[in-house]
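Chemist: This structure is in structure tokens; I'll ask about it shortly.
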Amino acid sequence: MQLKPIISPEQAVEKIKPNDRVMIGGFMATGSPLNVINHLVDLGTGELNIICTDTGYADKGIGQLISSKQAKSVKASHIGLNPETGRQMNTGELEVELIPQGTLAERIRCGGAGMGGFLTKTGLGTMVEEGKQKVTVEGEEYLLELPLTADVALVKASIVDKAGNCIFNKTTKNFNPLMATAAQLVIVEAEQVVEVGDVEADRFTLPGTFVDFIVAV
Amino acid sequence: MQLKPIISPEQAVEKIKPNDRVMIGGFMATGSPLNVINHLVDLGTGELNIICTDTGYADKGIGQLISSKQAKSVKASHIGLNPETGRQMNTGELEVELIPQGTLAERIRCGGAGMGGFLTKTGLGTMVEEGKQKVTVEGEEYLLELPLTADVALVKASIVDKAGNCIFNKTTKNFNPLMATAAQLVIVEAEQVVEVGDVEADRFTLPGTFVDFIVAV
Amino acid sequence: MDKQALRNRIVKRVAEELKPGSLVNLGIGMPTLVANHVSDDMGILFQSENGMIGIGRDAVTDDNLDVDITNAGGQPVSTVPEVSYFDSSLSFAIIRGGHVDSTVLGALEVDAEGNLANWIIPGKMVPGMGGAMDLVTGAKQVIIAMEHCNKNGEPKILQRCNLPLTAKGQVNLIVTEMAVIEVTENGLLLTEIAVDTTVEQVIKATGAELKIASDLKTFGEIE
Amino acid sequence: MDKQALRNRIVKRVAEELKPGSLVNLGIGMPTLVANHVSDDMGILFQSENGMIGIGRDAVTDDNLDVDITNAGGQPVSTVPEVSYFDSSLSFAIIRGGHVDSTVLGALEVDAEGNLANWIIPGKMVPGMGGAMDLVTGAKQVIIAMEHCNKNGEPKILQRCNLPLTAKGQVNLIVTEMAVIEVTENGLLLTEIAVDTTVEQVIKATGAELKIASDLKTFGEIE
């Protein structure tokens, strides 16, 4: 049977190096791998290039990585509820690229699914189109958005079996299953680890094949 | 509460008109809406433009629509196990467009998700690239594939609640949830219809919002 | 008119625009309050772009709190019985694929061409667009719910937005405490004015040319 | 050498190429038999493009038949305990996103540039490409498992394919009952010959230039 190694949060964060592109799941901290994030703050790796939908709150979740200055760049759709992100952006300490949330989700899926890009109307006629190729299809103009991939994805699942198959409860899904498809190394923080076969296979929405390591908390 | 009308297969097939583009779920008949198909054969609407992954077997599933000459065109990835499709194609009775299976799935998703197209390497340097725009991104060449939508989607689900939320068992998923996002009118043949709340919400993988009618069999 | 009465008037009027059986996404802040004015028998479902359809209107208490159910503002919410959950990829397929019937959003500026600015004030406030660009571009109907003027009493409805846009030409309707304004191909059409205002006052508070509907109506109540 | 012995030799040799812990997609027909030569302790999982990872090797009987579990040929299959299921969109994200380590497919023709033709004989046989174009383009390693010559005894390994291609320059390895041939940047490299053949025989049966590996090995058993 193909079982995935179960490691501690300490072991997990040691796999992340400065300059890594790190995707982190969660939406305003709901569904974020909070334990792994805590340990990443403690380890103080730094120089991370973070990809996430938002920088959460200053004191919770991804925001802690910003507050403790672990990030050198952030790609996100929303940073409004964490004033520290805006502050570091304004002082030039942090490079921030703002991406429409749907485009961000789709770019990550695109990276995981091996496509070269996709055409969208989101962002047309706005600052988002700057520097981007436009493609016209049947008289309609679209922005060409490119795939996003990462070195590491840190995701959070509610139930993970020992083969890495994942269930994400309710609104904790958000970016977690997408990011797991788009990174070289995928680390899943599991709220609960179960034996293979304990849960009906159809309950899992992310196949274990995408998972490299399971962090049990 | 937003409940979806439950109709008979007879009522379902009356909603389909000649020249309609009709997406039909299933993979070699696994997960195909067999009852609705049977009634569509009986009604004999004809002149349908069918979009499906394969034309199944001559005597089962989508193949019956071909055998009974209900189709004027078929877009599919595989027709090899139904010799009647090839025969009608060779005599010119049936217009057949062959599409790589992954590209077909992605084109349908693309149509449902409101994108203008996507870039793929599948089909590059083959007959599939004929007549298609090529886009170069960072020195890499890709085919631009366009979205597919339909007038009607006929899909099959294992469990459907009265609000239209759907569960697709095991390998019956295939094209069913994708097609449900990409058609104007979505008719779900339900193996089992349950009350809202009978099944845990997280079990559903297709939100009822995509469903217009439920056919109980 | 106090802030709450003003907001109530706006969201109540917006609620009347929503169609029975439709799928609606309400932006953070004032738009959220629209849900309070929609009756259950309309069968309207509320989508939240972080991944659910079926936000409930019950308040979240210690008894029904589920930390795994939050809205696009990160706040815990209750659910209706037919709730469904999905990842961000399907969520934005729903939004961008035109499956959301109406979205209600706030604005910093909105203009005569249906352009909207609500995500950035360069140099001052850069919250990011979140899902707003996707929603405004993808939803079938875009309703702006906002106060007619900004804190300084300046018009937020302009001939042409000054701030960076959220989307171009996508706004269908503007509802404020003073007016209901349709965005048409020929510019802005004033279709309703509040009971406690006049056409002249609306024109004065608006930074864009307004056409006046021949069957101009009134809305709201005198507070 | 009878057909079955010949096929056994091919698939047994292909099985040796698969890496422990890898994800593998086996094409319909002969490639399916590769699974019989992979031991459980290798932790290899088999994907099926219609939407599952974890096809089992147990035969399907009346006792374990589940009509909702079929493979890409539409045939009922058994499953391993860690099986997972998904729709065609995720299935091809797995395939096209480079998450499949190896795919094993048959061929009508394969050539010195790694081109593959296996989906159409114009005017004669048009089964369609199914998932073959996606698999050959997306999988990290593409292994062709086929008989060295066609029914008429003509080479299927050519300098340049004559039939319409399935994909361009994607094939990594060709395994036949006579030879194991690597596709390299400099053309085809014969790395192994079967125990019951000679280099001369392989060259004669091959329609492309073959370089001979300096450490040429043998494989298979004499039947």
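Letters for chains follow the order of the structure tokens (A, B, ...), residue numbers begin at 1 for each chain, and ligand numbers begin at 1 in the order shown.
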Please find the residues of chain C near chain A - the criterion being any atom within 7 Å, counting only C-alpha atoms - and write them as a short mmCIF file (atom, residue, chain, number, x, y, z; two decimals) with C-alpha atoms, in the first residue's frame.
Modeler:
```cif
data_model
loop_
_atom_site.label_atom_id
_atom_site.label_comp_id
_atom_site.auth_asym_id
_atom_site.auth_seq_id
_atom_site.Cartn_x
_atom_site.Cartn_y
_atom_site.Cartn_z
CA ASN C 50 -15.16 31.45 -0.16
CA GLY C 51 -17.18 28.36 -1.01
CA MET C 52 -20.81 27.94 -0.07
CA ASP C 68 -15.66 25.43 9.68
CA ILE C 69 -18.50 27.56 8.30
CA THR C 70 -17.50 31.14 7.62
CA GLY C 74 -14.17 35.27 7.62
CA TYR C 85 -19.96 23.69 -0.01
CA PHE C 86 -17.25 23.73 -2.67
CA ASP C 87 -13.67 24.84 -3.28
CA SER C 88 -12.61 28.22 -4.68
CA SER C 89 -12.26 26.84 -8.17
CA PHE C 92 -15.51 31.15 -9.06
CA VAL C 126 -5.13 49.05 -0.82
CA PRO C 127 -7.33 46.28 0.52
CA GLY C 128 -7.18 44.32 -2.72
CA MET C 129 -10.04 43.32 -4.97
CA GLY C 130 -10.81 40.00 -3.36
CA GLY C 131 -13.57 38.47 -5.46
CA MET C 133 -13.65 41.92 -10.00
CA ASP C 134 -14.87 38.39 -10.68
CA THR C 137 -17.67 40.81 -14.35
CA PRO C 164 -8.76 52.60 -10.62
CA LEU C 165 -11.62 50.44 -11.85
CA THR C 166 -12.92 47.16 -10.49
CA ALA C 167 -14.63 46.43 -13.79
CA LYS C 168 -15.64 48.26 -16.89
#
```
Chemist: Would you pick out the contacts of B:Ile187 at 8 Å or less, using only C-alpha atoms, so that residues sharing its chain but fewer than 3 positions from it are not included, and give the list as a PDB file with N, CA and C atoms, in the first residue's frame?
Modeler:
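What ended up in result12.pdb:
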```pdb
ATOM      1  N   ALA B  12     -39.108  14.936 -19.309  1.00  0.00           N
ATOM      2  CA  ALA B  12     -37.733  15.418 -19.502  1.00  0.00           C
ATOM      3  C   ALA B  12     -37.399  15.509 -20.981  1.00  0.00           C
ATOM      4  N   VAL B 152     -28.830  21.747 -23.565  1.00  0.00           N
ATOM      5  CA  VAL B 152     -29.329  20.824 -22.545  1.00  0.00           C
ATOM      6  C   VAL B 152     -28.189  19.924 -22.082  1.00  0.00           C
ATOM      7  N   ALA B 153     -28.147  19.641 -20.792  1.00  0.00           N
ATOM      8  CA  ALA B 153     -27.260  18.590 -20.285  1.00  0.00           C
ATOM      9  C   ALA B 153     -28.119  17.514 -19.656  1.00  0.00           C
ATOM     10  N   LEU B 154     -27.875  16.280 -20.064  1.00  0.00           N
ATOM     11  CA  LEU B 154     -28.553  15.127 -19.465  1.00  0.00           C
ATOM     12  C   LEU B 154     -27.516  14.387 -18.643  1.00  0.00           C
ATOM     13  N   VAL B 155     -27.638  14.473 -17.340  1.00  0.00           N
ATOM     14  CA  VAL B 155     -26.632  13.838 -16.501  1.00  0.00           C
ATOM     15  C   VAL B 155     -27.288  12.843 -15.564  1.00  0.00           C
ATOM     16  N   VAL B 211     -28.834  22.635 -11.179  1.00  0.00           N
ATOM     17  CA  VAL B 211     -29.850  21.665 -11.631  1.00  0.00           C
ATOM     18  C   VAL B 211     -31.185  22.352 -11.866  1.00  0.00           C
ATOM     19  N   ASP B 212     -31.820  22.047 -13.017  1.00  0.00           N
ATOM     20  CA  ASP B 212     -33.143  22.599 -13.291  1.00  0.00           C
ATOM     21  C   ASP B 212     -34.258  21.601 -13.007  1.00  0.00           C
ATOM     22  N   PHE B 213     -34.056  20.355 -13.400  1.00  0.00           N
ATOM     23  CA  PHE B 213     -35.085  19.325 -13.206  1.00  0.00           C
ATOM     24  C   PHE B 213     -34.451  18.027 -12.719  1.00  0.00           C
ATOM     25  N   ILE B 214     -35.206  17.338 -11.876  1.00  0.00           N
ATOM     26  CA  ILE B 214     -34.773  16.019 -11.400  1.00  0.00           C
ATOM     27  C   ILE B 214     -35.705  14.966 -12.002  1.00  0.00           C
ATOM     28  N   VAL B 215     -35.121  13.950 -12.603  1.00  0.00           N
ATOM     29  CA  VAL B 215     -35.918  12.828 -13.084  1.00  0.00           C
ATOM     30  C   VAL B 215     -35.738  11.677 -12.098  1.00  0.00           C
TER      31      VAL B 215
END
```
Chemist: Quick one: which residues from chain B are at most 6 Å off chain A, using only C-alpha atoms, as a PDB file with N, CA and C atoms, in the first residue's frame?
Modeler:
```
ATOM      1  N   MET B 115     -14.920  31.074 -18.988  1.00  0.00           N
ATOM      2  CA  MET B 115     -13.635  31.501 -19.542  1.00  0.00           C
ATOM      3  C   MET B 115     -13.706  31.515 -21.066  1.00  0.00           C
ATOM      4  N   GLY B 116     -12.782  32.223 -21.675  1.00  0.00           N
ATOM      5  CA  GLY B 116     -12.790  32.354 -23.127  1.00  0.00           C
ATOM      6  C   GLY B 116     -12.007  31.276 -23.842  1.00  0.00           C
ATOM      7  N   GLY B 117     -11.310  30.450 -23.092  1.00  0.00           N
ATOM      8  CA  GLY B 117     -10.496  29.398 -23.679  1.00  0.00           C
ATOM      9  C   GLY B 117      -9.325  29.081 -22.769  1.00  0.00           C
ATOM     10  N   PHE B 118      -8.522  28.095 -23.188  1.00  0.00           N
ATOM     11  CA  PHE B 118      -7.350  27.736 -22.394  1.00  0.00           C
ATOM     12  C   PHE B 118      -6.261  27.215 -23.317  1.00  0.00           C
ATOM     13  N   LEU B 119      -5.057  27.232 -22.799  1.00  0.00           N
ATOM     14  CA  LEU B 119      -3.896  26.813 -23.591  1.00  0.00           C
ATOM     15  C   LEU B 119      -3.441  25.421 -23.164  1.00  0.00           C
ATOM     16  N   THR B 120      -3.287  24.555 -24.152  1.00  0.00           N
ATOM     17  CA  THR B 120      -2.844  23.195 -23.830  1.00  0.00           C
ATOM     18  C   THR B 120      -1.833  22.702 -24.853  1.00  0.00           C
TER      19      THR B 120
END
```
Chemist: Output as an mmCIF file with all heavy atoms, in the first residue's frame all residues of stretch 39-204 of chain C that backbone DSSP marks as alpha helix (DSSP H).
Modeler:
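So the final result, stored in selection21.cif, reads:
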```cif
data_model
loop_
_atom_site.group_PDB
_atom_site.id
_atom_site.type_symbol
_atom_site.label_atom_id
_atom_site.label_comp_id
_atom_site.auth_asym_id
_atom_site.auth_seq_id
_atom_site.Cartn_x
_atom_site.Cartn_y
_atom_site.Cartn_z
ATOM 1 N N SER C 88 -12.640 26.903 -4.035
ATOM 2 C CA SER C 88 -12.608 28.220 -4.682
ATOM 3 C C SER C 88 -12.672 28.114 -6.196
ATOM 4 O O SER C 88 -13.134 29.043 -6.867
ATOM 5 C CB SER C 88 -11.331 28.966 -4.277
ATOM 6 O OG SER C 88 -11.330 29.170 -2.880
ATOM 7 N N SER C 89 -12.229 27.011 -6.724
ATOM 8 C CA SER C 89 -12.261 26.837 -8.168
ATOM 9 C C SER C 89 -13.716 26.720 -8.648
ATOM 10 O O SER C 89 -14.142 27.397 -9.589
ATOM 11 C CB SER C 89 -11.427 25.605 -8.502
ATOM 12 O OG SER C 89 -11.916 24.928 -9.592
ATOM 13 N N LEU C 90 -14.501 25.896 -7.980
ATOM 14 C CA LEU C 90 -15.920 25.784 -8.355
ATOM 15 C C LEU C 90 -16.675 27.052 -7.973
ATOM 16 O O LEU C 90 -17.574 27.493 -8.687
ATOM 17 C CB LEU C 90 -16.559 24.545 -7.704
ATOM 18 C CG LEU C 90 -18.005 24.264 -8.116
ATOM 19 C CD1 LEU C 90 -18.162 24.166 -9.640
ATOM 20 C CD2 LEU C 90 -18.532 22.978 -7.469
ATOM 21 N N SER C 91 -16.276 27.659 -6.852
ATOM 22 C CA SER C 91 -16.949 28.882 -6.419
ATOM 23 C C SER C 91 -16.852 29.962 -7.482
ATOM 24 O O SER C 91 -17.838 30.646 -7.798
ATOM 25 C CB SER C 91 -16.340 29.379 -5.112
ATOM 26 O OG SER C 91 -17.113 30.428 -4.579
ATOM 27 N N PHE C 92 -15.673 30.105 -8.051
ATOM 28 C CA PHE C 92 -15.509 31.151 -9.063
ATOM 29 C C PHE C 92 -15.954 30.679 -10.446
ATOM 30 O O PHE C 92 -16.215 31.512 -11.312
ATOM 31 C CB PHE C 92 -14.096 31.715 -9.032
ATOM 32 C CG PHE C 92 -13.946 32.675 -7.884
ATOM 33 C CD1 PHE C 92 -13.506 32.246 -6.642
ATOM 34 C CD2 PHE C 92 -14.338 33.996 -8.013
ATOM 35 C CE1 PHE C 92 -13.429 33.111 -5.569
ATOM 36 C CE2 PHE C 92 -14.264 34.874 -6.939
ATOM 37 C CZ PHE C 92 -13.804 34.434 -5.716
ATOM 38 N N ALA C 93 -16.076 29.385 -10.647
ATOM 39 C CA ALA C 93 -16.744 28.905 -11.864
ATOM 40 C C ALA C 93 -18.212 29.328 -11.792
ATOM 41 O O ALA C 93 -18.804 29.744 -12.787
ATOM 42 C CB ALA C 93 -16.620 27.396 -11.991
ATOM 43 N N ILE C 94 -18.785 29.244 -10.614
ATOM 44 C CA ILE C 94 -20.178 29.687 -10.419
ATOM 45 C C ILE C 94 -20.288 31.186 -10.685
ATOM 46 O O ILE C 94 -21.196 31.640 -11.381
ATOM 47 C CB ILE C 94 -20.644 29.340 -8.978
ATOM 48 C CG1 ILE C 94 -20.786 27.819 -8.824
ATOM 49 C CG2 ILE C 94 -21.957 30.051 -8.634
ATOM 50 C CD1 ILE C 94 -20.995 27.345 -7.392
ATOM 51 N N ILE C 95 -19.337 31.933 -10.164
ATOM 52 C CA ILE C 95 -19.385 33.397 -10.284
ATOM 53 C C ILE C 95 -19.048 33.840 -11.712
ATOM 54 O O ILE C 95 -19.777 34.617 -12.320
ATOM 55 C CB ILE C 95 -18.408 34.031 -9.277
ATOM 56 C CG1 ILE C 95 -18.950 33.858 -7.849
ATOM 57 C CG2 ILE C 95 -18.157 35.508 -9.604
ATOM 58 C CD1 ILE C 95 -17.960 34.174 -6.746
ATOM 59 N N ARG C 96 -17.962 33.354 -12.238
ATOM 60 C CA ARG C 96 -17.487 33.813 -13.547
ATOM 61 C C ARG C 96 -18.268 33.198 -14.691
ATOM 62 O O ARG C 96 -18.304 33.745 -15.798
ATOM 63 C CB ARG C 96 -15.983 33.531 -13.669
ATOM 64 C CG ARG C 96 -15.163 34.372 -12.707
ATOM 65 C CD ARG C 96 -13.876 33.713 -12.250
ATOM 66 N NE ARG C 96 -12.932 33.463 -13.288
ATOM 67 C CZ ARG C 96 -11.706 33.998 -13.383
ATOM 68 N NH1 ARG C 96 -11.302 34.873 -12.465
ATOM 69 N NH2 ARG C 96 -10.902 33.672 -14.341
ATOM 70 N N ALA C 132 -14.203 40.775 -5.917
ATOM 71 C CA ALA C 132 -15.094 41.789 -6.494
ATOM 72 C C ALA C 132 -14.995 41.883 -8.015
ATOM 73 O O ALA C 132 -16.012 41.998 -8.701
ATOM 74 C CB ALA C 132 -14.806 43.155 -5.864
ATOM 75 N N MET C 133 -13.780 41.820 -8.546
ATOM 76 C CA MET C 133 -13.646 41.919 -10.003
ATOM 77 C C MET C 133 -14.346 40.762 -10.704
ATOM 78 O O MET C 133 -14.961 40.929 -11.755
ATOM 79 C CB MET C 133 -12.170 41.943 -10.397
ATOM 80 C CG MET C 133 -11.478 43.255 -10.091
ATOM 81 S SD MET C 133 -9.863 43.310 -10.909
ATOM 82 C CE MET C 133 -9.310 44.938 -10.386
ATOM 83 N N ASP C 134 -14.215 39.573 -10.113
ATOM 84 C CA ASP C 134 -14.866 38.390 -10.679
ATOM 85 C C ASP C 134 -16.385 38.508 -10.592
ATOM 86 O O ASP C 134 -17.101 38.207 -11.538
ATOM 87 C CB ASP C 134 -14.410 37.146 -9.919
ATOM 88 C CG ASP C 134 -12.902 37.020 -9.889
ATOM 89 O OD1 ASP C 134 -12.299 36.828 -10.948
ATOM 90 O OD2 ASP C 134 -12.316 37.157 -8.794
ATOM 91 N N LEU C 135 -16.846 38.942 -9.436
ATOM 92 C CA LEU C 135 -18.292 39.066 -9.222
ATOM 93 C C LEU C 135 -18.911 40.082 -10.169
ATOM 94 O O LEU C 135 -19.949 39.839 -10.784
ATOM 95 C CB LEU C 135 -18.578 39.489 -7.771
ATOM 96 C CG LEU C 135 -18.611 38.342 -6.768
ATOM 97 C CD1 LEU C 135 -18.458 38.868 -5.349
ATOM 98 C CD2 LEU C 135 -19.909 37.548 -6.909
ATOM 99 N N VAL C 136 -18.285 41.247 -10.268
ATOM 100 C CA VAL C 136 -18.851 42.313 -11.079
ATOM 101 C C VAL C 136 -18.813 41.937 -12.559
ATOM 102 O O VAL C 136 -19.725 42.248 -13.324
ATOM 103 C CB VAL C 136 -18.101 43.637 -10.818
ATOM 104 C CG1 VAL C 136 -18.652 44.749 -11.693
ATOM 105 C CG2 VAL C 136 -18.225 44.018 -9.350
ATOM 106 N N THR C 137 -17.780 41.220 -12.947
ATOM 107 C CA THR C 137 -17.667 40.806 -14.351
ATOM 108 C C THR C 137 -18.573 39.621 -14.663
ATOM 109 O O THR C 137 -19.119 39.517 -15.757
ATOM 110 C CB THR C 137 -16.194 40.436 -14.677
ATOM 111 O OG1 THR C 137 -15.360 41.536 -14.302
ATOM 112 C CG2 THR C 137 -16.004 40.136 -16.155
ATOM 113 N N GLY C 138 -18.754 38.735 -13.673
ATOM 114 C CA GLY C 138 -19.450 37.482 -13.964
ATOM 115 C C GLY C 138 -20.934 37.444 -13.655
ATOM 116 O O GLY C 138 -21.682 36.714 -14.316
ATOM 117 N N VAL C 199 -35.851 65.823 -6.983
ATOM 118 C CA VAL C 199 -35.014 65.573 -8.153
ATOM 119 C C VAL C 199 -33.834 66.543 -8.153
ATOM 120 O O VAL C 199 -32.698 66.154 -8.447
ATOM 121 C CB VAL C 199 -35.847 65.727 -9.454
ATOM 122 C CG1 VAL C 199 -34.933 65.729 -10.676
ATOM 123 C CG2 VAL C 199 -36.874 64.607 -9.570
ATOM 124 N N GLU C 200 -34.098 67.791 -7.772
ATOM 125 C CA GLU C 200 -33.029 68.796 -7.768
ATOM 126 C C GLU C 200 -31.923 68.397 -6.787
ATOM 127 O O GLU C 200 -30.736 68.520 -7.086
ATOM 128 C CB GLU C 200 -33.590 70.180 -7.382
ATOM 129 C CG GLU C 200 -34.475 70.815 -8.445
ATOM 130 C CD GLU C 200 -35.766 70.032 -8.730
ATOM 131 O OE1 GLU C 200 -36.333 69.429 -7.784
ATOM 132 O OE2 GLU C 200 -36.168 69.977 -9.911
ATOM 133 N N GLN C 201 -32.329 67.932 -5.606
ATOM 134 C CA GLN C 201 -31.328 67.519 -4.622
ATOM 135 C C GLN C 201 -30.494 66.331 -5.132
ATOM 136 O O GLN C 201 -29.289 66.276 -4.924
ATOM 137 C CB GLN C 201 -32.027 67.145 -3.302
ATOM 138 C CG GLN C 201 -32.445 68.374 -2.495
ATOM 139 C CD GLN C 201 -33.225 67.998 -1.258
ATOM 140 O OE1 GLN C 201 -34.172 67.225 -1.338
ATOM 141 N NE2 GLN C 201 -32.845 68.550 -0.114
ATOM 142 N N VAL C 202 -31.172 65.403 -5.781
ATOM 143 C CA VAL C 202 -30.448 64.237 -6.318
ATOM 144 C C VAL C 202 -29.444 64.695 -7.381
ATOM 145 O O VAL C 202 -28.280 64.284 -7.375
ATOM 146 C CB VAL C 202 -31.428 63.197 -6.913
ATOM 147 C CG1 VAL C 202 -30.653 62.087 -7.621
ATOM 148 C CG2 VAL C 202 -32.311 62.611 -5.824
ATOM 149 N N ILE C 203 -29.910 65.556 -8.274
ATOM 150 C CA ILE C 203 -29.023 66.058 -9.329
ATOM 151 C C ILE C 203 -27.812 66.764 -8.730
ATOM 152 O O ILE C 203 -26.671 66.548 -9.157
ATOM 153 C CB ILE C 203 -29.803 67.009 -10.277
ATOM 154 C CG1 ILE C 203 -30.782 66.187 -11.136
ATOM 155 C CG2 ILE C 203 -28.846 67.801 -11.166
ATOM 156 C CD1 ILE C 203 -31.710 67.025 -11.997
ATOM 157 N N LYS C 204 -28.068 67.534 -7.692
ATOM 158 C CA LYS C 204 -26.991 68.283 -7.050
ATOM 159 C C LYS C 204 -25.959 67.359 -6.388
ATOM 160 O O LYS C 204 -24.762 67.658 -6.368
ATOM 161 C CB LYS C 204 -27.596 69.225 -5.991
ATOM 162 C CG LYS C 204 -26.713 70.407 -5.683
ATOM 163 C CD LYS C 204 -27.351 71.318 -4.645
ATOM 164 C CE LYS C 204 -26.273 72.111 -3.921
ATOM 165 N NZ LYS C 204 -26.734 72.630 -2.632
#
```
Chemist: What's the 10 Å shell around A:Asp59, counting only C-alpha atoms, without same-chain residues fewer than 6 positions away, as a PyMOL selection string?
Modeler: chain A and resi 65-68+82+84
